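Asker: Can you read through this structure? Questions will come right after.
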Amino acid sequence: MSVATSAGTVRPRSRALRGGLRFVRAIARNPKALAGSLLMLVFCFLAAFPGLIARDNPNAPAYLPLLGPSARHLIGTNEIGEDLWAQLIYGTRYSLLIAFAVGGLSTVVSVIVGVSAAYLGGIVDDVLSFITDVLLVIPTFPLIIVLVAYTQNAGFWVLTAVLVVTGWSYGARQLRVQALSLRHRDFLEAARVRGERSIYIIVVEILPTMTSLIVASFLGSALYAVLAAAGVQFVGLGDPNTISWGTMLNSAQQGNALGSGLWAWAIMPGVALALLGAAFALLNYAFDEISNPALRPVRKVSASAVRRSGTLAGGAGRDPRDVPALAELAGGARFAGVRAPGLLGPPERAPDG
Amino acid sequence: MFLATLWACITLNFFIPRIMPGGPVLGLMERFRKDNVSPATLHALEVALGINTHESLIAAYVQYVGACLTLHFGVSYMAFPESVDQVVMSGLPYTLGLIGVTTVLSFVLGTVIGILGAWRRGGWLDSVLPPVFVIATAFPYFFVGMLALMLFSFTLHWLPFEGAYSQSPAWTWSSIWDILQHALLPGLTIIITSIGGWILTMRNTMITVLAEDYVRMARAKGLSPRRIMYDYAARNAILPNLTGFAMTLGFVVSGAILVEWLFNYPGVGYLLIQAIDAQDYPLMQALFLLITVAVLVAVLFADFATAWLDPRTRATQA
Amino acid sequence: MVDAILQVRELSVAYQTDEGEVVAVDRVDLELARGEFLAIVGESGCGKSTLLFAIAQLLSPPAGLKGGSVVFKGRDMVRLSDSELRALRWSEVSVVMQSAMNALNPVKSVAAQMMDVCRAHTSMSKAEIRSRSEEVLRLVSIDPVHLDSYPHQLSGGMRQRAMIAMAMLFTPDLVIMDEPTSALDVVAQRSLMMQIKELQRRFGFAALFVTHDMSLVSHFSDRLMVMYAGQLVELGETRELFERPLHPYSRGLLEAFPSIRGAKEHLLGIPGAPPDLARPPAGCRFAPRCPSVMTPCTTTAPELLEVNGSLVRCLMYEDAGLSETVRSS
C-alpha cells in the first residue's frame, strides 16, 4: 500500500550547511558569544595593525621618563622614557601570538595523547594516562618558573615550549574521557564493520564528533597561556627585552608605580590582560552553552505558574532528558523507536530527514 | 597515585638540572666553593642537588631520594648559612595561613552560591553572578590584587600595602591584628579570583543533577524544597566537585605565588621567586617539592572525602 | 462517571522550544473510578509519559501546562498552591517511575528514602517509620534486611519492587506508574505486574499505568486508553478493545501481535511515522498512515465520539453520509 508523507516533514538539506548556519545563528543569539567574538576581533586588529592606533615606537626612549597620563602620552612614559601607550598596543602581539601558539600546539598534543589513549587502550592507555595525571596534579605555575629558571632563558619559543609541556594534560584528560564514551557507539561499530582502518575511524568519525571539546580545549589553553606568560614576566623571570603586558607590569612594580601615583602604568596592562582573558573565557562559556542547551539562561517563573501556563516567555532552557523525546516529536521523518516487540511489527525505516 | 606523583616530582627535581644545558647547578657549586664553604657542607649540598660527579647516576639518584625523604635539602645559597629547612619554615606559616583559610572560604562560599544559583534558575543569583564571575576568573590574580591595592591601600589608606607585619610577630592582640590586616588584601584577592570557578562548576553540576529522575521523584514525594535541594540535589552534585577542588588547588597555589610577590608577602611563593632570582637551587627544589606535596595531600584528602560521601565507591572498595 | 476519583478535562501540555511551541498533549479527557486500573498505551513520543507527569503536576521546564483541569477527589490540582499540593503528594497520590536506578537517590539508603517521606507527611516516630518500612517491603516480597542497602546494591527487579513498596507507604488512593516494568526482563515483568495487581486487590487503589506494551496490560487493566501524536484516539474496556478495536490505529497495533497458538500469519506493521508535532497536520493525525483513510480525513480533525460505551476519535463513526472511501480495511 502506498504511503503518503505527512505534511511538514523536514526537507533533506546537506548536514554541513545546516550545521554551519545553526552555528552562526547560535552565536548571534548568544550575547556572551557576541561579546567575546567582538573583543577577540578588536585584539586581532590591534595585533595586526598596531601602528594605526599608536603613534610612537614602543622601543624608543625618546621622551621624558615617568610622565603621567596626558593627551600626548595616553598612559605616560616609563622609567627610560618610552611611550607606554605604544607599548600597550604593540604588546598585544606578544599575548596573541603566545596564546595561539600554545593553544594550537597544546591542543594538538592533547588530541593525540587523549584520543590515542582512549582508542588504543591497554598498556598504552595506562602509560599515557599516568603521565597525564601526574602532570595534571603538579601545580603549573611553580613548575613553569622552575623550568624557566633552569633554562636561564625565557625567550618566546622557550616559554611556549614550557607552557605547552605544562598545559596539554588538562585537555588530554577531557578528550580521553569523551573519546572513551564514543568508542562503543553504533556509528563507530558500523565503520569498523565496513572495514575502515583505525586512522580513518579516528580522523573522520571520532574527531568531528569531538569538535566542541577540542575547541573548548583550544580556548582554555590559549587563556592559560596568556595569563601564565604574563605571570612569568610579571615576577621578573621573562625576557626583559620583549614588549609585552607582563614586562610592563614588572617594570611598573619595580618602579613602584602604584606607590608614586602612576596608576595608569600599573593598571592598564592588567586591564588589557583582563580583557583578553575575558574574551577567551566568554567564548569558552558561550561555546559550552551552545553545545549543552541545559546550561542556557532560564527566565524566572514561579513553580505554580509553570504548572498552570505553558508559556515561559523567551529563552527557556531545555530539560536535557526531554531532548530525545522532542527530537522524535519534532523530527518528523524519523523511525519511532520501539523497545518491546509486537507494537509495530517489523520496523519500517522512514526516509531520513 | 599519591606515591607515584611524589616519586615523579622527586625524579623531575633530580633530572632537570642535569638535562638543562649550561649546567646551572655546577655554576652554583662553583660559587659555593669560592665562598669557602666547608667540605662537609659541600658534600651535603652535592647530595641534595644530586650532582655528585664521583658516583654513578643510579647511586646519586638513590642518595638524592633518600635525602629528600629525610628532608635534608642542604644549605640555602641566598640565605647562607641558614639551611634550607630553616628558610622554608620561616615562610611556611604565612602561606599556610593565607592559602589555607582563603581556599576553604572560597570553596565553601562558592559551592553554596552555586547551589542556590542553580536552584533558583532565572533568579538574580543565576543570571547576574555567573557571567560576572566568568569574567572575574579570567582576570589574572595580580590584576585584582593591583586594583585592591590601588583602592584600599593607596587611595583609602585603610590597609597596608605590603609585607606580612609591621611589627615583629608575637602572641599579642595587636600583633595578631597587625598580621591579619596585612593578610586581608592578599586573601581577598585570592578569594575574589578563585570563587568564580567554584560557583560555576557547582552550578553546572547542580543543573545537571536537577534534571535527574530522583529529583523529580523527590518532588513527587512531596518533600520540602529545601530538603530536595540539599539531600537530593546538592549531595549528589558535590561529589564530582570534590576531586575538582583538589585539582584546582594547584591553580590557587599558582596564583598565590603571584599574589605574594605583588604584596611582598613573605610566604613560600615569595621565597620561591627570590630563590629563582638568586639561582638558589637547593632552596628552589625544596620549595617546589613542598608545594607539590601539599597539593598531592589535598588530592588524597579529596579522594577520601569522596569515597566517604559516595556509597557507590565505598562498596567497590569493600 | 459516578464515584470518579480522578477527572481530567481538556488537559494540554506544551513544550517551549527554539522553534516555537510544541503541543505534546492535546486536550485529553479521562476519568478514573476508585480502584480502577487504567492502562495508557501508545508508541514512543505519543505523549503518554508527558500526560502522566502533567496529571501528577510534575512537569518541569520547558514543558508547561497549556490548559485543562485535573480534579482529584473534588479538588483541581492545577489550581492548588504548592503547599496544598505537597500535602496531597504521596499520602493520596504516589508515583512509580520507569527506572528505579535513576529514580532512587544513589547516596541514600532505602530506609533513609522511606524515612524522609514519612517525616515530611506524618509525625511518626523513628521506630514506627522503621516498622512501617519493613512492612511495605514484605508486601512486595523483599526481605527487610535490605532496608539499609543502597540502591546500587539491589538487583534491578528488587529495586523496582522497592519503589513500589515505597509508593505503598501511605496506601494512597491513586498510584501513577510510568512504564515501571520496561527496565526488566520478560519474566520479571510478569511477576511485577502480578504483584501490582495483587496489591491493588488488597488496598483498592486506582492505578494509571503507562506502557508501550499492550500485551502486558491485556490481562491486568480494566480499561485501556490508546494515544497517538498527543491525542486520545480510543478509550474503552480492555476486553472490548482487544476483541473489537474501533480506531484503525488500535487495530493496527493489535494485528501486530503474533499468536503463539494461531496459524502462521504475515506480520503487519504500521508503515510511516508519527507526525511532527511542531507542525501538526490539519485533519486527522493518523490519516497519512491509515489503511481506512477517506477524503475528509486529511482536512477535518475528528472529534472524540462515543460508540457503544467506548470513546474513539475517528471520522468513520460520524453519522453524516461520507464521500467515497479511498481504501477499505
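Residue numbers start at 1 in each chain; chains themselves are named A, B, ... in the order of the C-alpha cells; ligands are numbered from 1 in the order shown.
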I need the chain B residues near chain C as a VMD selection string; criterion: at most 12 Å, counting only C-alpha atoms.
Answerer: chain B and resid 121 to 122 209 to 228 230 to 239 306 to 316
Asker: Using only C-alpha atoms, what table do you get, as a tab-separated table, when you list each residue of chain C with an atom no more than 6 Å from chain A, its nearest pair of atoms, and their distance in Å rounded to one decimal, rows by chain then rising number?
Answerer:
residue	atom	partner	partner_atom	distance
C:Ala14	CA	A:Gly310	CA	5.8
C:Gly45	CA	A:Ala325	CA	5.7
C:Pro62	CA	A:Arg318	CA	5.5
C:Gly64	CA	A:Gly310	CA	3.8
C:Leu65	CA	A:Gly310	CA	4.5
C:Lys66	CA	A:Gly310	CA	4.4
C:Leu253	CA	A:Leu343	CA	5.6
C:Ala256	CA	A:Gly345	CA	5.1
C:Phe257	CA	A:Gly342	CA	5.1
C:Leu268	CA	A:Gly345	CA	5.9
C:Gly269	CA	A:Gly345	CA	4.3
C:Ile270	CA	A:Leu344	CA	5.8
C:Pro271	CA	A:Glu348	CA	5.9
C:Pro275	CA	A:Gly332	CA	5.5
C:Asp276	CA	A:Gly332	CA	4.3
C:Leu277	CA	A:Leu329	CA	5.5
C:Ala278	CA	A:Ala330	CA	5.5
C:Pro288	CA	A:Ala4	CA	5.2
Asker: Grab the atom CA of A:Arg197 to atom CA of A:Ala118 distance for me, in Å with one decimal place.
Answerer: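 Interatomic distance, atom CA of A:Arg197 to atom CA of A:Ala118: 16.2 Å.
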Asker: In terms of the shortest atom-to-atom distance over only C-alpha atoms, which of A:Asn284, A:Ser260, A:Ser181, A:Thr151 is closest to B:Met150?
Answerer: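 So, comparing all the options, the nearest one is A:Ser260.
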Asker: To one decimal in Å, tell me the separation between atom CA of A:Leu207 and atom CA of A:Gly171.
Answerer: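 Here the two named atoms are 14.0 Å from each other.
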Asker: For stretch 226-237 of chain C, find every residue with an atom within 9 Å (counting only C-alpha atoms), except residues of its own chain fewer than 3 positions away, and show them as a PyMOL selection string.
Answerer: (chain A and resi 329) or (chain C and resi 12+23-30+39-43+45-48+51+221-223+240-242+245-247+249-250+274-277+280+285-286+304+309-314)
Asker: Calculated over only C-alpha atoms, which of the candidates B:Cys9, B:Val112, B:Ile190, B:Ala286 has the smallest distance to chain A?
Answerer: B:Cys9
Asker: List as a list in words the protein and nucleic acid residues near A:Val235, meaning an atom at most 10 Å away when only C-alpha atoms are counted, but skip any in the same chain fewer than 3 places from it.
Answerer: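 After dropping sequence-adjacent residues, the list is Ile145, Ala230, Gly231, Val232, Gly238, Gly246, Thr247, Leu249, Asn250, Ser251, Gln253 and Gln254 of chain A; Ile257, Leu258, Trp261, Leu262, Tyr270, Ile273, Gln274 and Asp277 of chain B.
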Asker: Please save C-alpha atoms of the selected residues as a PDB file, in the first residue's frame.
Answerer:
ATOM      1  CA  ILE A 145      59.020  29.057  36.769  1.00  0.00           C
ATOM      2  CA  ALA A 230      52.192  37.341  31.814  1.00  0.00           C
ATOM      3  CA  GLY A 231      52.711  35.853  35.227  1.00  0.00           C
ATOM      4  CA  VAL A 232      56.207  34.696  34.403  1.00  0.00           C
ATOM      5  CA  GLY A 238      60.743  36.726  31.479  1.00  0.00           C
ATOM      6  CA  GLY A 246      53.709  41.226  31.555  1.00  0.00           C
ATOM      7  CA  THR A 247      57.027  43.046  31.262  1.00  0.00           C
ATOM      8  CA  LEU A 249      53.669  45.171  34.769  1.00  0.00           C
ATOM      9  CA  ASN A 250      57.032  44.079  36.028  1.00  0.00           C
ATOM     10  CA  SER A 251      58.680  47.400  35.356  1.00  0.00           C
ATOM     11  CA  GLN A 253      56.190  47.017  40.041  1.00  0.00           C
ATOM     12  CA  GLN A 254      59.922  47.644  40.107  1.00  0.00           C
TER      13      GLN A 254
ATOM     14  CA  ILE B 257      52.698  32.892  44.310  1.00  0.00           C
ATOM     15  CA  LEU B 258      51.857  35.914  42.204  1.00  0.00           C
ATOM     16  CA  TRP B 261      55.042  38.597  45.141  1.00  0.00           C
ATOM     17  CA  LEU B 262      52.762  41.515  44.443  1.00  0.00           C
ATOM     18  CA  TYR B 270      57.631  34.791  47.547  1.00  0.00           C
ATOM     19  CA  ILE B 273      60.735  33.604  43.311  1.00  0.00           C
ATOM     20  CA  GLN B 274      63.557  35.041  45.318  1.00  0.00           C
ATOM     21  CA  ASP B 277      66.254  35.101  41.087  1.00  0.00           C
TER      22      ASP B 277
END
Asker: Set the distance at 12 Å and use only C-alpha atoms: which residues neighbour C:Glu128 once local chain neighbours fewer than 4 positions away are removed? I'd like the list as an mmCIF file with C-alpha atoms, in the first residue's frame.
Answerer:
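This is the output file result.cif:
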data_model
loop_
_atom_site.group_PDB
_atom_site.id
_atom_site.type_symbol
_atom_site.label_atom_id
_atom_site.label_comp_id
_atom_site.auth_asym_id
_atom_site.auth_seq_id
_atom_site.Cartn_x
_atom_site.Cartn_y
_atom_site.Cartn_z
ATOM 1 C CA MET C 114 11.386 5.968 53.132
ATOM 2 C CA MET C 115 12.092 7.900 56.275
ATOM 3 C CA CYS C 118 7.335 9.705 56.303
ATOM 4 C CA ARG C 119 8.884 12.614 58.133
ATOM 5 C CA THR C 122 3.479 12.418 59.336
ATOM 6 C CA SER C 123 4.791 12.693 62.832
ATOM 7 C CA MET C 124 5.633 9.036 63.193
ATOM 8 C CA ARG C 132 6.228 0.536 58.551
ATOM 9 C CA SER C 133 9.131 0.433 56.081
ATOM 10 C CA GLU C 134 9.739 -3.190 56.888
ATOM 11 C CA GLU C 135 6.064 -3.866 56.456
ATOM 12 C CA LEU C 169 3.742 3.636 52.407
#
Asker: Between C:Gly67, C:Gly204, C:Gly252, C:Gly283, which has the minimum distance to C:Thr299 (counting only C-alpha atoms)?
Answerer: C:Gly283
Asker: Please, which residues of stretch 18-206 of chain C, numbered as in this document, come out strand (DSSP E) from DSSP, as a PDB file with N, CA and C atoms, in the first residue's frame?
Answerer:
ATOM      1  N   GLY C  20       9.598  27.323  18.616  1.00  0.00           N
ATOM      2  CA  GLY C  20       8.204  27.659  18.910  1.00  0.00           C
ATOM      3  C   GLY C  20       7.590  26.643  19.836  1.00  0.00           C
ATOM      4  N   GLU C  21       6.292  26.679  19.946  1.00  0.00           N
ATOM      5  CA  GLU C  21       5.598  25.822  20.901  1.00  0.00           C
ATOM      6  C   GLU C  21       5.275  24.481  20.266  1.00  0.00           C
ATOM      7  N   VAL C  22       5.541  23.416  20.991  1.00  0.00           N
ATOM      8  CA  VAL C  22       5.180  22.090  20.513  1.00  0.00           C
ATOM      9  C   VAL C  22       4.165  21.525  21.486  1.00  0.00           C
ATOM     10  N   VAL C  23       2.967  21.231  21.004  1.00  0.00           N
ATOM     11  CA  VAL C  23       1.933  20.715  21.895  1.00  0.00           C
ATOM     12  C   VAL C  23       2.074  19.208  21.974  1.00  0.00           C
ATOM     13  N   ALA C  24       2.500  18.721  23.118  1.00  0.00           N
ATOM     14  CA  ALA C  24       2.775  17.298  23.243  1.00  0.00           C
ATOM     15  C   ALA C  24       1.539  16.513  23.674  1.00  0.00           C
ATOM     16  N   VAL C  25       0.631  17.181  24.394  1.00  0.00           N
ATOM     17  CA  VAL C  25      -0.604  16.524  24.817  1.00  0.00           C
ATOM     18  C   VAL C  25      -1.736  17.468  24.447  1.00  0.00           C
ATOM     19  N   ASP C  26      -2.683  16.965  23.663  1.00  0.00           N
ATOM     20  CA  ASP C  26      -3.697  17.846  23.094  1.00  0.00           C
ATOM     21  C   ASP C  26      -5.084  17.527  23.643  1.00  0.00           C
ATOM     22  N   ARG C  27      -5.525  18.335  24.582  1.00  0.00           N
ATOM     23  CA  ARG C  27      -6.891  18.271  25.105  1.00  0.00           C
ATOM     24  C   ARG C  27      -7.344  16.852  25.420  1.00  0.00           C
ATOM     25  N   VAL C  28      -6.680  16.236  26.379  1.00  0.00           N
ATOM     26  CA  VAL C  28      -7.044  14.869  26.747  1.00  0.00           C
ATOM     27  C   VAL C  28      -8.072  14.889  27.875  1.00  0.00           C
ATOM     28  N   ASP C  29      -9.099  14.049  27.727  1.00  0.00           N
ATOM     29  CA  ASP C  29     -10.088  13.870  28.800  1.00  0.00           C
ATOM     30  C   ASP C  29      -9.977  12.448  29.303  1.00  0.00           C
ATOM     31  N   LEU C  30     -10.015  12.270  30.598  1.00  0.00           N
ATOM     32  CA  LEU C  30     -10.187  10.906  31.081  1.00  0.00           C
ATOM     33  C   LEU C  30     -10.780  10.919  32.475  1.00  0.00           C
ATOM     34  N   GLU C  31     -11.392   9.799  32.847  1.00  0.00           N
ATOM     35  CA  GLU C  31     -11.949   9.662  34.189  1.00  0.00           C
ATOM     36  C   GLU C  31     -11.523   8.332  34.747  1.00  0.00           C
ATOM     37  N   LEU C  32     -11.334   8.341  36.037  1.00  0.00           N
ATOM     38  CA  LEU C  32     -10.874   7.122  36.683  1.00  0.00           C
ATOM     39  C   LEU C  32     -11.744   6.870  37.907  1.00  0.00           C
ATOM     40  N   ALA C  33     -12.304   5.675  38.014  1.00  0.00           N
ATOM     41  CA  ALA C  33     -13.125   5.366  39.193  1.00  0.00           C
ATOM     42  C   ALA C  33     -12.232   4.838  40.296  1.00  0.00           C
ATOM     43  N   PHE C  37      -8.192   0.200  37.209  1.00  0.00           N
ATOM     44  CA  PHE C  37      -6.869   0.122  36.627  1.00  0.00           C
ATOM     45  C   PHE C  37      -6.982   0.575  35.170  1.00  0.00           C
ATOM     46  N   LEU C  38      -6.423   1.725  34.879  1.00  0.00           N
ATOM     47  CA  LEU C  38      -6.488   2.229  33.505  1.00  0.00           C
ATOM     48  C   LEU C  38      -5.099   2.207  32.902  1.00  0.00           C
ATOM     49  N   ALA C  39      -4.962   1.527  31.769  1.00  0.00           N
ATOM     50  CA  ALA C  39      -3.664   1.485  31.107  1.00  0.00           C
ATOM     51  C   ALA C  39      -3.668   2.474  29.950  1.00  0.00           C
ATOM     52  N   ILE C  40      -2.551   3.157  29.782  1.00  0.00           N
ATOM     53  CA  ILE C  40      -2.403   4.107  28.679  1.00  0.00           C
ATOM     54  C   ILE C  40      -1.298   3.589  27.777  1.00  0.00           C
ATOM     55  N   VAL C  41      -1.651   3.292  26.531  1.00  0.00           N
ATOM     56  CA  VAL C  41      -0.633   2.748  25.624  1.00  0.00           C
ATOM     57  C   VAL C  41      -0.445   3.665  24.427  1.00  0.00           C
ATOM     58  N   ALA C  63       8.617  22.131  29.627  1.00  0.00           N
ATOM     59  CA  ALA C  63       7.232  21.697  29.478  1.00  0.00           C
ATOM     60  C   ALA C  63       6.357  22.475  30.440  1.00  0.00           C
ATOM     61  N   GLY C  64       5.178  22.808  30.002  1.00  0.00           N
ATOM     62  CA  GLY C  64       4.258  23.503  30.886  1.00  0.00           C
ATOM     63  C   GLY C  64       2.837  23.165  30.517  1.00  0.00           C
ATOM     64  N   LEU C  65       1.957  23.285  31.510  1.00  0.00           N
ATOM     65  CA  LEU C  65       0.555  23.020  31.237  1.00  0.00           C
ATOM     66  C   LEU C  65      -0.001  24.135  30.369  1.00  0.00           C
ATOM     67  N   LYS C  66      -0.695  23.727  29.334  1.00  0.00           N
ATOM     68  CA  LYS C  66      -1.246  24.762  28.475  1.00  0.00           C
ATOM     69  C   LYS C  66      -2.696  25.045  28.819  1.00  0.00           C
ATOM     70  N   GLY C  67      -3.328  24.070  29.418  1.00  0.00           N
ATOM     71  CA  GLY C  67      -4.738  24.309  29.763  1.00  0.00           C
ATOM     72  C   GLY C  67      -5.350  23.045  30.294  1.00  0.00           C
ATOM     73  N   GLY C  68      -6.548  23.172  30.836  1.00  0.00           N
ATOM     74  CA  GLY C  68      -7.251  21.990  31.313  1.00  0.00           C
ATOM     75  C   GLY C  68      -7.272  21.916  32.819  1.00  0.00           C
ATOM     76  N   SER C  69      -7.959  20.890  33.316  1.00  0.00           N
ATOM     77  CA  SER C  69      -8.057  20.725  34.765  1.00  0.00           C
ATOM     78  C   SER C  69      -7.840  19.274  35.131  1.00  0.00           C
ATOM     79  N   VAL C  70      -7.361  19.075  36.332  1.00  0.00           N
ATOM     80  CA  VAL C  70      -7.141  17.728  36.856  1.00  0.00           C
ATOM     81  C   VAL C  70      -7.815  17.680  38.217  1.00  0.00           C
ATOM     82  N   VAL C  71      -9.033  17.157  38.260  1.00  0.00           N
ATOM     83  CA  VAL C  71      -9.776  17.175  39.516  1.00  0.00           C
ATOM     84  C   VAL C  71      -9.584  15.849  40.218  1.00  0.00           C
ATOM     85  N   PHE C  72      -8.944  15.904  41.354  1.00  0.00           N
ATOM     86  CA  PHE C  72      -8.677  14.700  42.136  1.00  0.00           C
ATOM     87  C   PHE C  72      -9.456  14.818  43.429  1.00  0.00           C
ATOM     88  N   ARG C  75     -10.908  18.224  44.055  1.00  0.00           N
ATOM     89  CA  ARG C  75     -10.106  19.451  44.016  1.00  0.00           C
ATOM     90  C   ARG C  75      -9.258  19.487  42.754  1.00  0.00           C
ATOM     91  N   ASP C  76      -9.207  20.654  42.145  1.00  0.00           N
ATOM     92  CA  ASP C  76      -8.434  20.801  40.914  1.00  0.00           C
ATOM     93  C   ASP C  76      -6.960  21.002  41.251  1.00  0.00           C
ATOM     94  N   VAL C  93      -1.647  10.476  46.530  1.00  0.00           N
ATOM     95  CA  VAL C  93      -1.234  10.118  45.177  1.00  0.00           C
ATOM     96  C   VAL C  93       0.239   9.759  45.210  1.00  0.00           C
ATOM     97  N   SER C  94       0.586   8.584  44.761  1.00  0.00           N
ATOM     98  CA  SER C  94       2.023   8.296  44.701  1.00  0.00           C
ATOM     99  C   SER C  94       2.419   7.913  43.280  1.00  0.00           C
ATOM    100  N   VAL C  95       3.715   7.921  43.056  1.00  0.00           N
ATOM    101  CA  VAL C  95       4.247   7.773  41.705  1.00  0.00           C
ATOM    102  C   VAL C  95       5.284   6.664  41.675  1.00  0.00           C
ATOM    103  N   VAL C  96       5.243   5.856  40.631  1.00  0.00           N
ATOM    104  CA  VAL C  96       6.281   4.850  40.423  1.00  0.00           C
ATOM    105  C   VAL C  96       6.899   5.133  39.064  1.00  0.00           C
ATOM    106  N   LEU C 174      -4.527   6.722  44.765  1.00  0.00           N
ATOM    107  CA  LEU C 174      -4.185   6.699  43.340  1.00  0.00           C
ATOM    108  C   LEU C 174      -2.688   6.466  43.208  1.00  0.00           C
ATOM    109  N   VAL C 175      -2.338   5.502  42.378  1.00  0.00           N
ATOM    110  CA  VAL C 175      -0.919   5.278  42.113  1.00  0.00           C
ATOM    111  C   VAL C 175      -0.685   5.477  40.621  1.00  0.00           C
ATOM    112  N   ILE C 176       0.258   6.344  40.311  1.00  0.00           N
ATOM    113  CA  ILE C 176       0.558   6.661  38.918  1.00  0.00           C
ATOM    114  C   ILE C 176       1.846   5.954  38.545  1.00  0.00           C
ATOM    115  N   MET C 177       1.822   5.161  37.513  1.00  0.00           N
ATOM    116  CA  MET C 177       3.007   4.365  37.177  1.00  0.00           C
ATOM    117  C   MET C 177       3.444   4.601  35.738  1.00  0.00           C
ATOM    118  N   ASP C 178       4.690   4.985  35.582  1.00  0.00           N
ATOM    119  CA  ASP C 178       5.235   5.279  34.252  1.00  0.00           C
ATOM    120  C   ASP C 178       6.155   4.157  33.819  1.00  0.00           C
ATOM    121  N   ALA C 206      -6.665   3.148  42.904  1.00  0.00           N
ATOM    122  CA  ALA C 206      -6.827   3.282  41.459  1.00  0.00           C
ATOM    123  C   ALA C 206      -5.445   3.390  40.853  1.00  0.00           C
TER     124      ALA C 206
END
Asker: Identify, on the basis of only C-alpha atoms, every residue whose closest approach to C:Arg202 does not exceed 12 Å; exclude the query and any residue fewer than 4 positions from it along the same chain; express the result as a PyMOL selection string.
Answerer: chain C and resi 35+139+168+171+195-198+206
Asker: What does the file look like for those residues with N, CA and C atoms, as a tab-separated table (two decimals), in the first residue's frame?
Answerer:
chain	number	residue	atom	x	y	z
C	35	GLY	N	-10.38	2.46	42.56
C	35	GLY	CA	-9.98	1.07	42.41
C	35	GLY	C	-9.86	0.62	40.97
C	139	LEU	N	5.51	-6.62	51.86
C	139	LEU	CA	4.39	-6.66	50.93
C	139	LEU	C	4.83	-7.03	49.53
C	168	MET	N	3.60	2.45	48.44
C	168	MET	CA	2.51	1.93	49.26
C	168	MET	C	2.55	2.45	50.69
C	171	THR	N	-0.64	3.90	51.71
C	171	THR	CA	-1.75	3.30	50.95
C	171	THR	C	-2.60	4.37	50.29
C	195	GLN	N	2.29	-8.76	41.04
C	195	GLN	CA	2.45	-8.16	42.35
C	195	GLN	C	1.62	-6.90	42.47
C	196	ILE	N	1.70	-6.07	41.44
C	196	ILE	CA	0.95	-4.81	41.45
C	196	ILE	C	-0.54	-5.09	41.53
C	197	LYS	N	-0.97	-6.06	40.73
C	197	LYS	CA	-2.39	-6.37	40.71
C	197	LYS	C	-2.84	-6.89	42.07
C	198	GLU	N	-2.02	-7.68	42.69
C	198	GLU	CA	-2.34	-8.23	44.00
C	198	GLU	C	-2.48	-7.10	45.02
C	206	ALA	N	-6.66	3.15	42.90
C	206	ALA	CA	-6.83	3.28	41.46
C	206	ALA	C	-5.44	3.39	40.85
